[in-house]
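Q: This is the structure I want to talk about, given as structure tokens.
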Amino acid sequence: MTEQHLSEVMAIEQSAFTHPWSLQNFKDSLRSGSIGLIMYQERLSLGYTVLMPVIDELHILNFAITPLKQHQGFGQKLLEEVIDFARQRHFKDIYLEVREENVTAHHLYLTNGFTEIGRRKGYYPKAGGREDAIVMRKYL
């Protein structure tokens, strides 16, 4: 992912999340050394992830599949790519945070060997309040 891809990434981001990242969030992440990966099928972008390497850890900062293609295995495929990417580059752990109410994503991470290691109370905004972030880790 480069800044040239951000218009298609923003289209997915805005359709997938009630509180999406801004265009500047993506630019800042890429400029600071984060790695963006985009998933395509026949030139159509289906999803993306933003990864931040920190010494021997890899942090998933953002992960999304376009809503029209959710629940079809694309999230699983993208997550497998992230795990392979991390293993090939000899990271020891992968970390992420997931909204407490995002049961589908939480299940995806659990079935791929991530475990809950903590919670951040009231971390994410939501309509009418805030919700917890579940902090997860996968040992490689």
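In the structure tokens, chains take the letters A, B, ... in the order shown, each chain's residues start at 1, and ligands count up from 1 in the order shown.
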Among region 22-102 of chain A, which residues does DSSP mark as strand (DSSP E) when it is run on the backbone? Keep the chain and numbering as in the structure and answer as an MDAnalysis selection string.
A: chainID A and resid 35:41 44:54 57:65 93:99
Q: Excluding His90 (chain A) and residues on its chain fewer than 5 positions from it, collect all residues at most 9 Å away from it, counting only C-alpha atoms, and give them as a PyMOL selection string.
A: chain A and resi 56-57+85+140
Q: Considering only C-alpha atoms, can you say which of A:Leu68, A:Met52, A:Leu44, A:Ile117 comes closest to Asp28 (chain A)?
A: A:Met52
Q: Give me, as an MDAnalysis selection string, all polymer residues having an atom no more than 10 Å from Tyr124 (chain A), counting only C-alpha atoms and skipping those fewer than 2 positions away in the same chain.
A: chainID A and resid 19 98:100 120:122 126 129:133
Q: I need the residues from that last selection saved to file as an mmCIF file, in the first residue's frame (with N, CA and C atoms), if you can.
A:
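File produced: result.cif:
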data_model
loop_
_atom_site.group_PDB
_atom_site.id
_atom_site.type_symbol
_atom_site.label_atom_id
_atom_site.label_comp_id
_atom_site.auth_asym_id
_atom_site.auth_seq_id
_atom_site.Cartn_x
_atom_site.Cartn_y
_atom_site.Cartn_z
ATOM 1 N N HIS A 19 -16.638 4.411 13.034
ATOM 2 C CA HIS A 19 -15.681 5.451 13.414
ATOM 3 C C HIS A 19 -14.378 5.197 12.652
ATOM 4 N N VAL A 98 -9.203 -5.391 19.295
ATOM 5 C CA VAL A 98 -10.466 -5.566 18.586
ATOM 6 C C VAL A 98 -11.595 -5.048 19.475
ATOM 7 N N ARG A 99 -12.561 -4.430 18.843
ATOM 8 C CA ARG A 99 -13.725 -3.938 19.597
ATOM 9 C C ARG A 99 -14.422 -5.107 20.289
ATOM 10 N N GLU A 100 -14.810 -4.894 21.509
ATOM 11 C CA GLU A 100 -15.501 -5.920 22.279
ATOM 12 C C GLU A 100 -16.748 -6.424 21.558
ATOM 13 N N ARG A 120 -8.739 -2.715 27.249
ATOM 14 C CA ARG A 120 -8.615 -1.268 27.423
ATOM 15 C C ARG A 120 -10.045 -0.744 27.584
ATOM 16 N N LYS A 121 -10.381 -0.389 28.807
ATOM 17 C CA LYS A 121 -11.738 0.059 29.123
ATOM 18 C C LYS A 121 -12.083 1.352 28.394
ATOM 19 N N GLY A 122 -13.239 1.359 27.728
ATOM 20 C CA GLY A 122 -13.733 2.550 27.059
ATOM 21 C C GLY A 122 -12.827 3.084 25.966
ATOM 22 N N LYS A 126 -18.317 4.723 20.369
ATOM 23 C CA LYS A 126 -19.447 4.079 19.698
ATOM 24 C C LYS A 126 -20.659 4.963 19.900
ATOM 25 N N GLY A 129 -21.781 6.223 23.481
ATOM 26 C CA GLY A 129 -20.810 5.941 24.539
ATOM 27 C C GLY A 129 -19.482 5.427 24.029
ATOM 28 N N ARG A 130 -18.942 4.465 24.775
ATOM 29 C CA ARG A 130 -17.639 3.906 24.442
ATOM 30 C C ARG A 130 -17.684 2.399 24.688
ATOM 31 N N GLU A 131 -16.747 1.679 24.072
ATOM 32 C CA GLU A 131 -16.665 0.237 24.300
ATOM 33 C C GLU A 131 -15.212 -0.168 24.509
ATOM 34 N N ASP A 132 -15.045 -1.309 25.151
ATOM 35 C CA ASP A 132 -13.712 -1.817 25.463
ATOM 36 C C ASP A 132 -13.007 -2.350 24.229
ATOM 37 N N ALA A 133 -11.689 -2.285 24.265
ATOM 38 C CA ALA A 133 -10.842 -2.953 23.281
ATOM 39 C C ALA A 133 -10.304 -4.214 23.935
#
Q: Could you give me, as a VMD selection string, each residue of chain A that DSSP assigns to helix (DSSP H, G or I) when run on this structure's backbone?
A: chain A and resid 3 to 16 23 to 31 67 to 69 74 to 88 103 to 111
Q: Next, the residues of the selection above should be written as a compact mmCIF listing (two decimals), in the first residue's frame with N, CA and C atoms.
A:
# COMPACT_ATOMS: atom_id res chain seq x y z
N GLU A 3 0.51 5.76 -0.72
CA GLU A 3 -0.49 6.83 -0.65
C GLU A 3 -1.37 6.85 -1.90
N GLN A 4 -0.88 6.32 -3.01
CA GLN A 4 -1.69 6.28 -4.23
C GLN A 4 -2.88 5.33 -4.11
N HIS A 5 -2.82 4.40 -3.17
CA HIS A 5 -3.90 3.43 -2.97
C HIS A 5 -4.95 3.94 -1.98
N LEU A 6 -4.72 5.08 -1.37
CA LEU A 6 -5.56 5.46 -0.24
C LEU A 6 -7.00 5.80 -0.59
N SER A 7 -7.29 6.18 -1.81
CA SER A 7 -8.70 6.45 -2.15
C SER A 7 -9.51 5.15 -2.09
N GLU A 8 -8.95 4.06 -2.61
CA GLU A 8 -9.69 2.78 -2.54
C GLU A 8 -9.71 2.24 -1.11
N VAL A 9 -8.64 2.46 -0.37
CA VAL A 9 -8.60 2.03 1.04
C VAL A 9 -9.63 2.81 1.85
N MET A 10 -9.71 4.12 1.62
CA MET A 10 -10.68 4.95 2.35
C MET A 10 -12.12 4.54 2.04
N ALA A 11 -12.40 4.11 0.82
CA ALA A 11 -13.75 3.67 0.49
C ALA A 11 -14.13 2.46 1.33
N ILE A 12 -13.21 1.53 1.50
CA ILE A 12 -13.47 0.35 2.35
C ILE A 12 -13.58 0.79 3.80
N GLU A 13 -12.63 1.59 4.25
CA GLU A 13 -12.60 2.04 5.65
C GLU A 13 -13.93 2.69 6.05
N GLN A 14 -14.41 3.59 5.21
CA GLN A 14 -15.63 4.32 5.54
C GLN A 14 -16.88 3.45 5.48
N SER A 15 -16.85 2.41 4.66
CA SER A 15 -18.02 1.53 4.60
C SER A 15 -17.97 0.44 5.68
N ALA A 16 -16.79 0.14 6.19
CA ALA A 16 -16.65 -0.96 7.14
C ALA A 16 -16.76 -0.53 8.61
N LEU A 23 -8.09 9.98 6.43
CA LEU A 23 -7.06 9.87 5.41
C LEU A 23 -5.70 10.20 6.01
N GLN A 24 -5.67 11.20 6.89
CA GLN A 24 -4.40 11.59 7.52
C GLN A 24 -3.86 10.47 8.41
N ASN A 25 -4.73 9.71 9.08
CA ASN A 25 -4.26 8.57 9.88
C ASN A 25 -3.49 7.59 9.01
N PHE A 26 -4.02 7.30 7.83
CA PHE A 26 -3.34 6.37 6.92
C PHE A 26 -2.02 6.96 6.44
N LYS A 27 -2.03 8.22 6.03
CA LYS A 27 -0.80 8.86 5.56
C LYS A 27 0.26 8.85 6.65
N ASP A 28 -0.12 9.23 7.86
CA ASP A 28 0.83 9.26 8.97
C ASP A 28 1.41 7.88 9.25
N SER A 29 0.56 6.87 9.20
CA SER A 29 1.03 5.50 9.46
C SER A 29 2.05 5.07 8.41
N LEU A 30 1.74 5.29 7.15
CA LEU A 30 2.66 4.89 6.08
C LEU A 30 3.96 5.68 6.15
N ARG A 31 3.87 6.96 6.44
CA ARG A 31 5.07 7.81 6.51
C ARG A 31 5.95 7.47 7.71
N PRO A 67 -17.48 -4.56 3.29
CA PRO A 67 -18.68 -5.23 3.80
C PRO A 67 -19.35 -6.19 2.81
N LEU A 68 -19.33 -5.89 1.52
CA LEU A 68 -19.97 -6.78 0.54
C LEU A 68 -19.27 -8.13 0.41
N LYS A 69 -18.03 -8.23 0.89
CA LYS A 69 -17.26 -9.48 0.77
C LYS A 69 -16.98 -10.13 2.13
N PHE A 74 -12.49 -14.09 3.12
CA PHE A 74 -11.42 -13.16 2.75
C PHE A 74 -10.66 -12.64 3.97
N GLY A 75 -11.35 -12.45 5.08
CA GLY A 75 -10.67 -12.05 6.31
C GLY A 75 -9.68 -13.12 6.75
N GLN A 76 -10.08 -14.37 6.64
CA GLN A 76 -9.19 -15.49 6.97
C GLN A 76 -7.96 -15.47 6.08
N LYS A 77 -8.16 -15.29 4.80
CA LYS A 77 -7.03 -15.27 3.85
C LYS A 77 -6.08 -14.10 4.13
N LEU A 78 -6.64 -12.93 4.40
CA LEU A 78 -5.79 -11.77 4.69
C LEU A 78 -5.02 -11.99 5.99
N LEU A 79 -5.68 -12.54 7.00
CA LEU A 79 -4.99 -12.80 8.27
C LEU A 79 -3.88 -13.84 8.08
N GLU A 80 -4.12 -14.85 7.27
CA GLU A 80 -3.07 -15.84 6.98
C GLU A 80 -1.87 -15.17 6.32
N GLU A 81 -2.12 -14.21 5.43
CA GLU A 81 -1.03 -13.46 4.80
C GLU A 81 -0.23 -12.67 5.84
N VAL A 82 -0.94 -12.07 6.79
CA VAL A 82 -0.26 -11.31 7.85
C VAL A 82 0.62 -12.25 8.68
N ILE A 83 0.09 -13.40 9.04
CA ILE A 83 0.85 -14.36 9.85
C ILE A 83 2.07 -14.86 9.07
N ASP A 84 1.90 -15.17 7.81
CA ASP A 84 3.03 -15.59 6.97
C ASP A 84 4.07 -14.47 6.85
N PHE A 85 3.61 -13.26 6.64
CA PHE A 85 4.49 -12.09 6.57
C PHE A 85 5.33 -11.99 7.84
N ALA A 86 4.68 -12.13 8.98
CA ALA A 86 5.37 -12.01 10.27
C ALA A 86 6.39 -13.14 10.46
N ARG A 87 6.02 -14.34 10.10
CA ARG A 87 6.95 -15.48 10.23
C ARG A 87 8.16 -15.33 9.32
N GLN A 88 7.93 -14.91 8.09
CA GLN A 88 9.04 -14.75 7.14
C GLN A 88 10.03 -13.69 7.59
N VAL A 103 -17.82 -9.34 17.41
CA VAL A 103 -17.76 -10.77 17.71
C VAL A 103 -17.15 -11.56 16.55
N THR A 104 -17.47 -11.19 15.33
CA THR A 104 -16.95 -11.90 14.16
C THR A 104 -15.43 -11.81 14.09
N ALA A 105 -14.89 -10.60 14.24
CA ALA A 105 -13.43 -10.42 14.20
C ALA A 105 -12.78 -11.12 15.38
N HIS A 106 -13.37 -11.01 16.55
CA HIS A 106 -12.83 -11.66 17.74
C HIS A 106 -12.72 -13.17 17.50
N HIS A 107 -13.75 -13.75 16.94
CA HIS A 107 -13.75 -15.18 16.63
C HIS A 107 -12.66 -15.52 15.60
N LEU A 108 -12.51 -14.70 14.56
CA LEU A 108 -11.47 -14.92 13.56
C LEU A 108 -10.10 -14.98 14.23
N TYR A 109 -9.82 -14.05 15.11
CA TYR A 109 -8.52 -14.01 15.77
C TYR A 109 -8.34 -15.21 16.70
N LEU A 110 -9.36 -15.56 17.45
CA LEU A 110 -9.26 -16.72 18.35
C LEU A 110 -8.98 -18.00 17.57
N THR A 111 -9.68 -18.19 16.46
CA THR A 111 -9.49 -19.43 15.69
C THR A 111 -8.14 -19.48 14.98
Q: A:Ala64, A:Gly118, A:Tyr95, A:Lys138: which is nearest Met39 (chain A), counting only C-alpha atoms?
A: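 When distances to Met39 (chain A) are compared using only C-alpha atoms, the smallest one comes from A:Ala64.
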Q: My list of candidates is A:Leu46, A:Met136, A:Met1, A:Ile35. Which is closest to Gln72 (chain A) when distances are computed with only C-alpha atoms?
A: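 When distances to Gln72 (chain A) are compared using only C-alpha atoms, the smallest one comes from A:Leu46.
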Q: In Å, with one decimal, what is the gap from CA of Ser22 (chain A) to CA of Gln41 (chain A)?
A: 24.8 Å
Q: Between A:Thr18, A:Thr2, A:Ser45, A:Gln70, which residue has the minimum interatomic distance to Gly33 (chain A), considering only C-alpha atoms?
A: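 Nearest candidate to Gly33 (chain A) out of A:Thr18, A:Thr2, A:Ser45, A:Gln70: A:Thr2.
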